[in-house]
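Asker: As input, take input.txt (compact mmCIF, C-alpha atoms and all ligand atoms):
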# COMPACT_ATOMS: atom_id res chain seq x y z
CA MET Y 20 -22.08 -14.19 12.40
CA PHE Y 21 -18.76 -14.16 14.30
CA GLU Y 22 -18.19 -14.57 18.07
CA THR Y 23 -15.00 -12.54 18.05
CA PRO Y 24 -14.34 -9.52 15.82
CA VAL Y 25 -12.88 -10.17 12.38
CA HIS Y 26 -10.62 -7.25 11.56
CA VAL Y 27 -9.94 -6.18 8.03
CA ALA Y 28 -6.15 -6.45 8.24
CA GLN Y 29 -5.14 -9.90 9.43
CA VAL Y 30 -1.44 -10.07 10.21
CA ASN Y 31 0.67 -12.74 8.49
CA LEU Y 32 2.59 -14.20 11.43
CA PRO Y 33 5.93 -15.91 10.85
CA ALA Y 34 6.55 -19.31 12.48
CA TRP Y 35 7.61 -18.82 16.10
CA ASP Y 36 10.58 -21.21 15.97
CA GLU Y 37 12.03 -19.32 13.01
CA VAL Y 38 11.62 -16.01 14.84
CA GLU Y 39 13.28 -17.50 17.93
CA ARG Y 40 16.23 -18.75 15.89
CA ALA Y 41 16.68 -15.40 14.14
CA PHE Y 42 16.46 -13.44 17.39
CA ARG Y 43 18.89 -15.80 19.11
CA GLY Y 44 21.36 -14.92 16.34
CA ILE Y 45 20.85 -11.22 17.00
CA PHE Y 46 21.46 -11.77 20.74
CA GLU Y 47 24.55 -13.86 20.11
CA ARG Y 48 26.04 -11.28 17.76
CA ARG Y 49 24.94 -8.43 20.08
CA PHE Y 50 24.36 -6.51 16.88
CA PHE Y 51 20.96 -4.81 17.00
CA ALA Y 52 21.22 -1.76 14.75
CA ASN Y 53 23.42 0.19 12.33
CA HIS Y 54 23.17 -1.93 9.18
CA GLY Y 55 23.90 -5.26 10.78
CA PRO Y 56 24.16 -8.49 8.79
CA LEU Y 57 20.39 -9.06 8.60
CA VAL Y 58 19.66 -5.60 7.21
CA ARG Y 59 22.42 -6.07 4.63
CA GLU Y 60 21.00 -9.49 3.76
CA LEU Y 61 17.51 -7.99 3.36
CA ASP Y 62 18.83 -5.12 1.18
CA ALA Y 63 20.36 -7.75 -1.15
CA ALA Y 64 17.37 -10.13 -1.02
CA PHE Y 65 14.80 -7.42 -1.74
CA ALA Y 66 16.90 -6.04 -4.62
CA GLU Y 67 16.94 -9.53 -6.07
CA ALA Y 68 13.21 -10.09 -5.47
CA THR Y 69 12.35 -6.84 -7.28
CA GLY Y 70 15.03 -7.22 -9.96
CA VAL Y 71 16.73 -3.87 -9.23
CA ASP Y 72 20.34 -2.84 -8.68
CA HIS Y 73 19.77 -1.12 -5.33
CA ALA Y 74 17.38 -1.68 -2.42
CA VAL Y 75 17.76 0.56 0.63
CA CYS Y 76 15.85 -0.71 3.67
CA VAL Y 77 14.57 1.85 6.17
CA THR Y 78 12.41 2.20 9.28
CA ASN Y 79 9.03 2.18 7.56
CA GLY Y 80 7.21 2.99 4.33
CA THR Y 81 6.61 6.61 5.26
CA VAL Y 82 10.32 7.18 5.88
CA ALA Y 83 11.02 5.41 2.56
CA LEU Y 84 8.74 7.90 0.80
CA MET Y 85 10.29 10.86 2.67
CA ILE Y 86 13.85 9.82 1.82
CA LEU Y 87 12.96 9.08 -1.81
CA ALA Y 88 11.28 12.47 -2.26
CA GLN Y 89 14.21 14.19 -0.55
CA ALA Y 90 16.87 12.34 -2.56
CA LEU Y 91 15.36 13.44 -5.88
CA GLU Y 92 16.44 17.01 -4.96
CA LEU Y 93 13.35 18.73 -6.29
CA SER Y 94 11.73 21.98 -5.30
CA GLY Y 95 8.27 23.04 -6.35
CA GLU Y 96 5.13 21.06 -7.06
CA VAL Y 97 4.60 17.33 -7.29
CA ILE Y 98 1.39 15.90 -8.74
CA VAL Y 99 -0.04 13.17 -6.52
CA PRO Y 100 -3.40 11.43 -6.08
CA ALA Y 101 -5.63 12.46 -3.16
CA PHE Y 102 -6.99 8.92 -3.25
CA THR Y 103 -4.13 7.41 -1.26
CA PHE Y 104 -2.82 6.76 2.22
CA PRO Y 105 -2.04 10.13 3.90
CA ALA Y 106 1.65 9.25 4.27
CA THR Y 107 2.15 9.54 0.49
CA VAL Y 108 1.39 13.25 0.69
CA GLN Y 109 2.89 13.84 4.14
CA ALA Y 110 6.24 12.58 2.79
CA LEU Y 111 6.21 15.14 -0.02
CA ARG Y 112 5.59 17.93 2.47
CA TRP Y 113 8.50 16.72 4.66
CA ALA Y 114 10.70 16.91 1.57
CA GLY Y 115 9.65 20.55 1.13
CA LEU Y 116 7.46 19.85 -1.89
CA GLU Y 117 4.00 21.18 -2.62
CA PRO Y 118 1.43 18.47 -3.41
CA VAL Y 119 -0.96 19.13 -6.29
CA PHE Y 120 -3.89 16.75 -6.09
CA CYS Y 121 -4.92 14.83 -9.17
CA ASP Y 122 -8.16 12.94 -9.73
CA VAL Y 123 -8.05 9.25 -10.59
CA ASP Y 124 -9.36 7.03 -13.36
CA PRO Y 125 -12.67 5.42 -12.30
CA GLN Y 126 -11.62 1.99 -13.63
CA THR Y 127 -8.13 1.74 -12.11
CA HIS Y 128 -8.65 4.07 -9.08
CA MET Y 129 -5.23 5.59 -9.97
CA ILE Y 130 -3.79 8.68 -11.61
CA CYS Y 131 -2.62 8.25 -15.21
CA ALA Y 132 -1.12 10.33 -18.02
CA ALA Y 133 -4.61 11.54 -19.00
CA THR Y 134 -5.44 12.88 -15.51
CA VAL Y 135 -1.93 14.22 -14.75
CA GLY Y 136 -1.28 15.96 -18.11
CA PRO Y 137 -3.71 18.89 -17.67
CA LEU Y 138 -2.25 19.73 -14.22
CA ILE Y 139 1.34 20.25 -15.45
CA THR Y 140 2.48 23.88 -15.13
CA PRO Y 141 5.91 25.56 -15.14
CA ARG Y 142 6.03 24.96 -11.35
CA THR Y 143 5.62 21.17 -11.68
CA ARG Y 144 8.78 19.22 -10.86
CA GLY Y 145 7.60 15.69 -10.40
CA VAL Y 146 4.83 13.09 -10.25
CA MET Y 147 4.21 10.57 -7.46
CA GLY Y 148 2.14 7.61 -8.65
CA VAL Y 149 0.63 5.10 -6.20
CA HIS Y 150 0.32 1.44 -7.23
CA LEU Y 151 -3.04 1.00 -5.56
CA TRP Y 152 -4.11 -2.56 -4.70
CA GLY Y 153 -0.78 -3.65 -6.23
CA ARG Y 154 -1.90 -2.79 -9.76
CA ALA Y 155 0.74 -0.72 -11.58
CA CYS Y 156 -0.05 3.02 -11.79
CA ASP Y 157 0.16 3.64 -15.59
CA PRO Y 158 3.99 3.43 -15.56
CA ASP Y 159 4.34 3.58 -19.36
CA GLY Y 160 2.03 6.57 -19.83
CA LEU Y 161 3.46 8.47 -16.86
CA GLN Y 162 7.07 7.73 -17.87
CA ALA Y 163 6.50 9.13 -21.37
CA LEU Y 164 4.67 12.19 -20.01
CA CYS Y 165 7.39 12.89 -17.42
CA GLU Y 166 10.15 12.52 -20.02
CA ASP Y 167 8.35 14.96 -22.34
CA HIS Y 168 8.10 17.57 -19.58
CA GLY Y 169 11.40 16.91 -17.79
CA LEU Y 170 9.67 15.75 -14.58
CA ALA Y 171 10.88 13.30 -11.95
CA LEU Y 172 8.68 10.22 -11.61
CA MET Y 173 8.50 8.26 -8.36
CA PHE Y 174 6.12 5.64 -7.05
CA ASP Y 175 4.53 4.76 -3.75
CA ALA Y 176 4.78 0.98 -4.06
CA CYS Y 177 3.63 0.27 -0.48
CA HIS Y 178 0.79 -1.92 -1.87
CA ALA Y 179 2.98 -3.56 -4.49
CA VAL Y 180 5.21 -6.17 -2.86
CA ALA Y 181 4.96 -9.37 -4.94
CA CYS Y 182 3.21 -7.57 -7.81
CA THR Y 183 4.33 -7.25 -11.44
CA HIS Y 184 4.03 -4.87 -14.39
CA ARG Y 185 4.38 -6.48 -17.83
CA GLY Y 186 5.54 -9.59 -16.02
CA ALA Y 187 8.47 -7.90 -14.24
CA PRO Y 188 8.37 -7.23 -10.49
CA ILE Y 189 7.34 -3.71 -9.51
CA GLY Y 190 10.45 -1.97 -8.09
CA GLY Y 191 12.34 -0.65 -11.11
CA LEU Y 192 9.73 1.85 -12.34
CA GLY Y 193 10.34 5.60 -12.48
CA ALA Y 194 13.39 7.00 -10.68
CA GLY Y 195 12.62 5.08 -7.50
CA GLU Y 196 9.89 3.25 -5.63
CA ALA Y 197 9.01 3.10 -1.92
CA PHE Y 198 7.72 -0.08 -0.26
CA SER Y 199 6.24 -0.77 3.19
CA PHE Y 200 6.84 -3.84 5.35
CA HIS Y 201 4.27 -2.78 7.97
CA ALA Y 202 2.63 -5.62 9.92
CA THR Y 203 -0.61 -5.19 7.97
CA LYS Y 204 1.11 -5.45 4.59
CA VAL Y 205 1.80 -8.75 2.80
CA LEU Y 206 5.49 -8.62 3.77
CA ASN Y 207 5.58 -8.14 7.54
CA GLY Y 208 8.65 -6.70 9.26
CA GLY Y 209 6.56 -5.33 12.14
CA GLU Y 210 7.45 -1.93 10.79
CA GLY Y 211 9.76 -1.53 7.84
CA GLY Y 212 10.22 -0.09 4.40
CA CYS Y 213 12.53 -0.05 1.42
CA ILE Y 214 13.41 2.15 -1.54
CA THR Y 215 14.34 0.47 -4.82
CA THR Y 216 16.12 2.03 -7.78
CA ASN Y 217 18.42 1.27 -10.70
CA ASP Y 218 20.11 4.69 -10.42
CA ALA Y 219 23.46 4.38 -8.63
CA GLY Y 220 23.66 8.12 -7.90
CA LEU Y 221 20.19 8.16 -6.37
CA ALA Y 222 21.03 5.02 -4.34
CA ALA Y 223 24.11 6.77 -2.89
CA ARG Y 224 21.97 9.76 -1.84
CA LEU Y 225 19.31 7.43 -0.36
CA ARG Y 226 21.93 5.57 1.70
CA THR Y 227 23.45 8.85 2.88
CA ILE Y 228 20.11 10.35 3.95
CA ARG Y 229 19.10 7.10 5.72
CA SER Y 230 21.93 7.55 8.23
CA PHE Y 231 23.19 10.49 10.30
CA HIS Y 232 26.60 8.90 10.62
CA PRO Y 233 29.50 10.79 8.98
CA GLY Y 234 31.17 7.45 8.27
CA GLU Y 235 28.26 6.52 6.02
CA THR Y 236 28.51 9.46 3.65
CA PHE Y 237 28.26 8.23 0.07
CA ALA Y 238 27.01 11.41 -1.61
CA GLN Y 239 26.57 15.12 -1.05
CA VAL Y 240 23.08 15.79 0.37
CA PRO Y 241 21.65 18.83 2.15
CA THR Y 242 19.59 16.90 4.73
CA ARG Y 243 20.07 13.65 6.64
CA MET Y 244 18.10 11.71 9.24
CA ASN Y 245 17.90 8.40 11.07
CA GLY Y 246 15.93 6.06 8.83
CA LYS Y 247 17.88 2.91 9.71
CA MET Y 248 16.08 -0.40 9.91
CA SER Y 249 16.81 -2.49 13.00
CA GLU Y 250 18.08 -6.07 12.95
CA ALA Y 251 14.84 -7.16 14.65
CA GLN Y 252 12.78 -5.74 11.79
CA ALA Y 253 15.08 -7.28 9.19
CA ALA Y 254 14.84 -10.68 10.92
CA LEU Y 255 11.03 -10.64 10.67
CA ALA Y 256 11.05 -9.26 7.13
CA LEU Y 257 13.50 -11.93 5.91
CA ILE Y 258 11.27 -14.71 7.25
CA SER Y 259 8.23 -13.03 5.72
CA LEU Y 260 10.02 -12.64 2.37
CA LYS Y 261 10.71 -16.38 2.36
CA ASP Y 262 7.04 -17.06 3.28
CA LEU Y 263 5.73 -14.70 0.60
CA PRO Y 264 4.77 -17.35 -2.00
CA VAL Y 265 2.77 -19.32 0.59
CA ASN Y 266 1.02 -16.23 1.96
CA VAL Y 267 0.22 -14.91 -1.52
CA GLU Y 268 -1.20 -18.28 -2.57
CA ALA Y 269 -3.43 -18.36 0.54
CA ASN Y 270 -4.54 -14.78 -0.19
CA ARG Y 271 -5.38 -15.81 -3.74
CA ARG Y 272 -7.55 -18.72 -2.58
CA ARG Y 273 -9.48 -16.44 -0.22
CA TYR Y 274 -9.79 -13.76 -2.91
CA GLU Y 275 -11.21 -16.29 -5.36
CA GLN Y 276 -13.73 -17.50 -2.80
CA TYR Y 277 -14.84 -13.89 -2.29
CA ALA Y 278 -15.09 -13.48 -6.08
CA ALA Y 279 -17.21 -16.62 -6.40
CA ILE Y 280 -19.60 -15.80 -3.57
CA LEU Y 281 -20.00 -12.11 -4.41
CA ALA Y 282 -20.43 -12.62 -8.16
CA GLU Y 283 -24.16 -13.23 -7.66
CA VAL Y 284 -24.73 -10.09 -5.59
CA PRO Y 285 -26.08 -7.14 -7.61
CA GLY Y 286 -24.46 -3.77 -6.97
CA LEU Y 287 -21.10 -5.13 -5.78
CA ASP Y 288 -18.10 -4.75 -8.05
CA LEU Y 289 -14.95 -6.52 -6.85
CA VAL Y 290 -11.57 -4.99 -7.82
CA ARG Y 291 -10.10 -7.45 -10.34
CA TYR Y 292 -6.50 -8.36 -11.02
CA ASP Y 293 -5.07 -8.85 -14.51
CA PRO Y 294 -4.46 -12.62 -14.89
CA ARG Y 295 -1.30 -11.84 -16.91
CA GLU Y 296 0.26 -10.10 -13.89
CA GLU Y 297 1.20 -11.33 -10.44
CA ASN Y 298 -0.57 -9.75 -7.50
CA SER Y 299 -0.38 -10.31 -3.75
CA PHE Y 300 -4.21 -10.54 -3.50
CA GLN Y 301 -3.77 -8.67 -0.21
CA TYR Y 302 -6.58 -6.25 -1.03
CA VAL Y 303 -10.13 -7.47 -1.41
CA VAL Y 304 -11.85 -4.25 -2.38
CA VAL Y 305 -15.46 -3.89 -3.45
CA GLU Y 306 -17.28 -0.94 -4.96
CA VAL Y 307 -20.83 -0.66 -3.67
CA ALA Y 308 -23.34 0.82 -6.14
CA PRO Y 309 -26.12 1.91 -3.75
CA GLU Y 310 -28.96 1.85 -6.30
CA ALA Y 311 -28.32 -1.75 -7.34
CA PHE Y 312 -27.25 -3.07 -3.93
CA GLY Y 313 -30.11 -1.39 -2.10
CA LEU Y 314 -27.92 -0.03 0.70
CA ASN Y 315 -25.05 2.40 0.53
CA ARG Y 316 -21.51 1.56 1.55
CA ASP Y 317 -21.80 3.02 5.05
CA GLN Y 318 -25.03 1.11 5.68
CA LEU Y 319 -23.33 -2.11 4.57
CA LEU Y 320 -20.35 -1.30 6.81
CA ALA Y 321 -22.66 -0.81 9.82
CA ALA Y 322 -24.59 -4.02 9.11
CA LEU Y 323 -21.32 -5.98 8.81
CA ALA Y 324 -20.06 -4.46 12.08
CA ALA Y 325 -23.21 -5.80 13.76
CA GLU Y 326 -22.03 -9.27 12.62
CA ASN Y 327 -18.58 -8.59 14.15
CA ILE Y 328 -17.05 -8.13 10.70
CA LEU Y 329 -15.01 -4.95 10.97
CA CYS Y 330 -14.31 -3.67 7.49
CA ARG Y 331 -12.68 -0.44 6.42
CA ARG Y 332 -13.51 2.45 4.16
CA HIS Y 333 -10.43 2.51 2.04
CA PHE Y 334 -9.51 5.43 1.73
CA TYR Y 335 -11.63 7.84 3.73
CA PRO Y 336 -11.51 10.76 3.62
CA ALA Y 337 -9.36 11.54 0.60
CA VAL Y 338 -6.23 13.55 1.39
CA HIS Y 339 -7.59 16.76 -0.24
CA ARG Y 340 -10.25 16.73 2.50
CA MET Y 341 -7.81 15.96 5.33
CA ALA Y 342 -5.78 18.27 7.59
CA PRO Y 343 -3.26 19.73 6.95
CA PHE Y 344 -3.91 19.44 3.22
CA ASP Y 345 -7.59 20.36 3.11
CA ARG Y 346 -8.08 21.98 -0.29
CA SER Y 347 -11.83 22.71 -0.04
CA PRO Y 348 -13.48 23.69 -2.32
CA LEU Y 349 -11.27 21.69 -4.74
CA ARG Y 350 -13.45 18.95 -6.23
CA LEU Y 351 -12.08 15.61 -7.39
CA PRO Y 352 -15.31 13.91 -8.48
CA VAL Y 353 -14.01 10.38 -9.13
CA THR Y 354 -11.93 10.35 -5.94
CA GLU Y 355 -14.88 11.59 -3.90
CA GLN Y 356 -17.21 8.97 -5.36
CA LEU Y 357 -14.72 6.17 -4.63
CA CYS Y 358 -14.39 7.43 -1.04
CA GLU Y 359 -18.15 6.98 -0.67
CA ARG Y 360 -18.33 3.59 -2.35
CA LEU Y 361 -15.30 1.41 -1.63
CA ILE Y 362 -15.09 -1.16 1.14
CA GLN Y 363 -12.12 -3.38 1.95
CA LEU Y 364 -13.03 -6.88 3.12
CA PRO Y 365 -10.99 -8.95 5.60
CA ASN Y 366 -8.15 -11.09 4.28
CA GLY Y 367 -4.99 -12.65 5.68
CA GLN Y 368 -3.56 -15.66 7.45
CA ALA Y 369 -6.05 -15.81 10.35
CA MET Y 370 -8.98 -16.38 7.96
CA ASP Y 371 -9.72 -19.65 6.26
CA VAL Y 372 -11.87 -20.14 3.18
CA GLN Y 373 -14.88 -21.00 5.42
CA ASP Y 374 -14.53 -17.61 7.15
CA VAL Y 375 -14.60 -15.96 3.72
CA THR Y 376 -17.74 -17.92 2.88
CA ARG Y 377 -19.38 -16.69 6.08
CA VAL Y 378 -18.45 -13.05 5.35
CA GLY Y 379 -19.90 -13.52 1.86
CA GLU Y 380 -23.07 -15.07 3.31
CA ALA Y 381 -23.38 -12.18 5.75
CA ILE Y 382 -23.25 -9.75 2.81
CA GLN Y 383 -25.86 -11.79 0.93
CA SER Y 384 -28.21 -11.88 3.91
CA ILE Y 385 -27.70 -8.16 4.59
CA ARG Y 386 -28.76 -7.46 1.02
CA ALA Y 387 -31.73 -9.83 1.29
CA SER Y 388 -32.98 -7.99 4.39
CA ARG Y 389 -32.13 -4.49 3.10
CA ASP Y 390 -35.72 -3.19 3.30
CA ALA Y 391 -36.16 -4.41 6.88
CA LEU Y 392 -32.80 -2.88 7.82
CA LEU Y 393 -33.72 0.46 6.28
CA ASN Y 394 -37.12 0.44 8.02
CA ALA Y 395 -35.51 -0.39 11.35
CA ALA Y 396 -33.08 2.49 10.87
CA ARG Y 397 -35.90 4.98 10.23
C1 LIG E 1 1.09 1.47 4.29
C2 LIG E 1 1.21 2.56 3.29
C3 LIG E 1 2.07 3.65 3.47
C4 LIG E 1 2.86 3.85 4.74
O1 LIG E 1 3.70 2.80 5.05
P1 LIG E 1 4.19 2.62 6.59
O2 LIG E 1 5.18 1.51 6.50
O3 LIG E 1 2.98 2.26 7.39
O4 LIG E 1 4.80 3.91 7.01
C5 LIG E 1 2.17 4.58 2.46
N1 LIG E 1 1.45 4.48 1.33
C6 LIG E 1 0.60 3.46 1.13
C7 LIG E 1 -0.17 3.39 -0.15
C8 LIG E 1 0.43 2.48 2.11
O5 LIG E 1 -0.45 1.50 1.92
Please lay out the structure from this file as structure tokens.
Ligand SMILES: *Cc1c(COP(=O)(O)O)cnc(C)c1O

Answerer:
Amino acid sequence: MFETPVHVAQVNLPAWDEVERAFRGIFERRFFANHGPLVRELDAAFAEATGVDHAVCVTNGTVALMILAQALELSGEVIVPAFTFPATVQALRWAGLEPVFCDVDPQTHMICAATVGPLITPRTRGVMGVHLWGRACDPDGLQALCEDHGLALMFDACHAVACTHRGAPIGGLGAGEAFSFHATKVLNGGEGGCITTNDAGLAARLRTIRSFHPGETFAQVPTRMNGKMSEAQAALALISLKDLPVNVEANRRRYEQYAAILAEVPGLDLVRYDPREENSFQYVVVEVAPEAFGLNRDQLLAALAAENILCRRHFYPAVHRMAPFDRSPLRLPVTEQLCERLIQLPNGQAMDVQDVTRVGEAIQSIRASRDALLNAAR
């Protein structure tokens, strides 16, 4: 179907002349690092975009998660989904915390008060929710549960740039939230991340941990590191933040074309977004029901790869089956089923609506020839 490979994560590139202008400024100032003017501008701009008092930009989303978990000054267990990017759990371990894996709701693909509640023990100190696909991770239910049990609540918001909960931007939920500005995310700083919070004390600890420099000590903390964002990253992220509405709108058009063309295909269930909320439409995720579709997810993935459409199993394997966290024989039935059934389809700036149509047609023709494909594979 495609001459050259179509990768699942298409990077949103900023306009070259804007990048050149921003980098010329960095060269002229000779100010590359250490909270230069662009990083300070991005801290302020992202706080405003998410409607919070404090945004603390750092090297990447993983470091944002590590610093957030560290700054909450917990020790003991934190309940976290296994159906997430491994960095969510790796960050907890770096902060000296013990992850306790929680199964997810089959509708939302996320943990919620109902799945977290039964796992709370006297050793539990916190909960890390993940706003998967930019849909909010039961913030109201988890907030009430955590208040009842005296637990810290934090969120991995790496999927949630430009997404809302009850109409307000995600960023001010729980004690703090960690975002990613990785090149494959909707806001592209090359690498980059940010922690948002409305808690001034937490913000002071976050800013202290982000820097090793004694002159930047705003709070007493036991551990510090170098999590500083560079001016180069901030330059890219600022352009991308300005471009966000245009990129989100283009994502939405592609998403809706996928929705239209896949609606007819039995056995495919596209992850939907609440029309009352804003979403980045960055994630086009489909659940494959093998009985109705006639092929399983991995067979579909292989058939698409033969058409040069390189999709991703998102997430695979789940973190409770991944070193160094392998918890076999712990079973998380919903998580494990989602790992077998979900596929992420390509989206992003390099694709136009016609490309989406062709990916959709490839899926339709794969389904139409499913018996021949299965026979050929035998
Ligand atoms: C991308 C991502 C991360 C890691 O962010 P980096 O900026 O790549 O370190 C963590 N959690 C989730 C859910 C992500 O999607």

Asker: Give me the chain Y side of the contact with ligand LIG 1 (chain E), cut-off 6 Å, one line per residue showing its nearest atom pair and distance in Å at one decimal, counting all atoms listed in the file, sorted by chain and residue number, as CSV.

Answerer:
residue,atom,partner,partner_atom,distance
Y:Asn79,CA,E:LIG1,O2,4.0
Y:Gly80,CA,E:LIG1,O2,3.3
Y:Thr81,CA,E:LIG1,O4,3.7
Y:Thr103,CA,E:LIG1,C7,5.8
Y:Phe104,CA,E:LIG1,C6,4.9
Y:Ala106,CA,E:LIG1,C5,5.0
Y:Thr107,CA,E:LIG1,N1,5.2
Y:Asp175,CA,E:LIG1,N1,5.9
Y:Cys177,CA,E:LIG1,C8,4.7
Y:His178,CA,E:LIG1,O5,5.3
Y:Ser199,CA,E:LIG1,O2,4.2
Y:Phe200,CA,E:LIG1,O2,5.7
Y:His201,CA,E:LIG1,O2,4.6
Y:Glu210,CA,E:LIG1,O2,5.9
Y:Gly211,CA,E:LIG1,O2,5.7
Y:Gly212,CA,E:LIG1,O2,5.7

Asker: For each of Y:Val303, Y:Leu57, Y:Ala63, Y:Cys358, take the minimum atom-to-atom distance to Arg272 (chain Y), counting only C-alpha atoms, then give the residue where this is smallest.

Answerer: Y:Val303

Asker: Can you list, as a ChimeraX atom specification, every protein, DNA or RNA residue that comes within 8 Å of Thr376 (chain Y) when you count all atoms listed in the file, leaving out same-chain residues fewer than 3 positions away?

Answerer: /Y:276-277,280,372-373,379-380

Asker: Counting all atoms listed in the file, find the residues whose atoms lie at most 8 Å from (-23.2, 7.9, -2.1) (file coordinates) and write them out as an mmCIF file with C-alpha atoms, in the frame of the given file.

Answerer:
data_model
loop_
_atom_site.group_PDB
_atom_site.id
_atom_site.type_symbol
_atom_site.label_atom_id
_atom_site.label_comp_id
_atom_site.auth_asym_id
_atom_site.auth_seq_id
_atom_site.Cartn_x
_atom_site.Cartn_y
_atom_site.Cartn_z
ATOM 1 C CA PRO Y 309 -26.120 1.910 -3.750
ATOM 2 C CA ASN Y 315 -25.050 2.400 0.530
ATOM 3 C CA ARG Y 316 -21.510 1.560 1.550
ATOM 4 C CA GLN Y 356 -17.210 8.970 -5.360
ATOM 5 C CA GLU Y 359 -18.150 6.980 -0.670
ATOM 6 C CA ARG Y 360 -18.330 3.590 -2.350
#

Asker: Write out as a tab-separated table the residues of region 159-226 of chain Y that have any atom within 10 Å of an atom of region 89-102 of chain Y, one row each with the nearest atom pair and its distance in Å to one decimal, counting all atoms listed in the file, sorted by chain and then rising number.

Answerer:
residue	atom	partner	partner_atom	distance
Y:Leu170	CA	Y:Val97	CA	9.0
Y:Ala171	CA	Y:Leu91	CA	7.5
Y:Leu172	CA	Y:Val97	CA	9.3
Y:Met173	CA	Y:Leu91	CA	8.9
Y:Phe174	CA	Y:Val99	CA	9.7
Y:Asp175	CA	Y:Val99	CA	10.0
Y:Ala194	CA	Y:Leu91	CA	8.3
Y:Gly195	CA	Y:Leu91	CA	8.9
Y:Gly220	CA	Y:Ala90	CA	9.6
Y:Leu221	CA	Y:Ala90	CA	6.6
Y:Ala222	CA	Y:Ala90	CA	8.6
Y:Ala223	CA	Y:Ala90	CA	9.1
Y:Arg224	CA	Y:Ala90	CA	5.8
Y:Leu225	CA	Y:Ala90	CA	5.9
Y:Arg226	CA	Y:Ala90	CA	9.5

Asker: Could those selected residues go to a file with C-alpha atoms, as an mmCIF file, in the frame of the given file?

Answerer:
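Final output, saved to part04.cif:
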data_model
loop_
_atom_site.group_PDB
_atom_site.id
_atom_site.type_symbol
_atom_site.label_atom_id
_atom_site.label_comp_id
_atom_site.auth_asym_id
_atom_site.auth_seq_id
_atom_site.Cartn_x
_atom_site.Cartn_y
_atom_site.Cartn_z
ATOM 1 C CA LEU Y 170 9.670 15.750 -14.580
ATOM 2 C CA ALA Y 171 10.880 13.300 -11.950
ATOM 3 C CA LEU Y 172 8.680 10.220 -11.610
ATOM 4 C CA MET Y 173 8.500 8.260 -8.360
ATOM 5 C CA PHE Y 174 6.120 5.640 -7.050
ATOM 6 C CA ASP Y 175 4.530 4.760 -3.750
ATOM 7 C CA ALA Y 194 13.390 7.000 -10.680
ATOM 8 C CA GLY Y 195 12.620 5.080 -7.500
ATOM 9 C CA GLY Y 220 23.660 8.120 -7.900
ATOM 10 C CA LEU Y 221 20.190 8.160 -6.370
ATOM 11 C CA ALA Y 222 21.030 5.020 -4.340
ATOM 12 C CA ALA Y 223 24.110 6.770 -2.890
ATOM 13 C CA ARG Y 224 21.970 9.760 -1.840
ATOM 14 C CA LEU Y 225 19.310 7.430 -0.360
ATOM 15 C CA ARG Y 226 21.930 5.570 1.700
#

Asker: Extract, using all atoms listed in the file, all DNA, RNA and protein residues at most 12 Å from Ala269 (chain Y), discarding same-chain residues fewer than 4 positions from it, and format them as a PyMOL selection string.

Answerer: chain Y and resi 31+205+262-265+273-276+299-301+366-372+375

Asker: Of the candidates Y:Leu61, Y:Ala387, Y:Ala114, Y:Ala325, which shows the shortest atom-to-atom distance to Met244 (chain Y), using all atoms listed in the file?

Answerer: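 Going through Y:Leu61, Y:Ala387, Y:Ala114, Y:Ala325 one by one, the smallest distance to Met244 (chain Y) is for Y:Ala114.
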
Asker: Here is a test: counting only C-alpha atoms, which residue of Y:Cys213, Y:Leu351, Y:Val123, Y:Ala342 is nearest to Val108 (chain Y)?

Answerer: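 Smallest distance to Val108 (chain Y) is found for Y:Ala342.
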
Asker: Report, in Å to a single decimal, how far apart CA of Glu250 (chain Y) and CA of Ile45 (chain Y) are.

Answerer: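 Between CA of Ile45 (chain Y) and CA of Glu250 (chain Y) the gap works out to 7.1 Å.
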
Asker: Which is closer to Ala322 (chain Y) than all the others in Y:Arg49, Y:Ser384, Y:Phe231, Y:Asn266, using only C-alpha atoms?

Answerer: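 That would be Y:Ser384, the residue with the smallest distance to Ala322 (chain Y).
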
Asker: To one decimal place, how far is CA of Ala176 (chain Y) from CA of Ala282 (chain Y) in Å?

Answerer: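 About the pair CA of Ala176 (chain Y) and CA of Ala282 (chain Y): they are 28.9 Å apart.
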
Asker: For each of Y:Ser230, Y:Gln162, Y:Asn270, Y:Asn327, take the minimum atom-to-atom distance to Asn53 (chain Y), counting all atoms listed in the file, then give the residue where this is smallest.

Answerer: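 Looking only at the distances to Asn53 (chain Y), the closest residue turns out to be Y:Ser230.
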
Asker: If we draw a sphere of 12 Å around (-23.7, -10.8, 15.7), which residues have at least one atom in it when counting all atoms listed in the file? Please report them as a ChimeraX atom specification.

Answerer: /Y:20-25,321-329,378,381

Asker: For a test of reading the model, state the distance in Å between CA of Gly190 (chain Y) and CA of Ala68 (chain Y), rounded to one decimal.

Answerer: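 A separation of 9.0 Å between them.
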
Asker: So that I can see what lies close to Ala133 (chain Y), please list as a ChimeraX atom specification the residues with an atom at most 10 Å from it, counting only C-alpha atoms and leaving out residues fewer than 6 positions away in the same chain.

Answerer: /Y:123-124,157,160-161,164
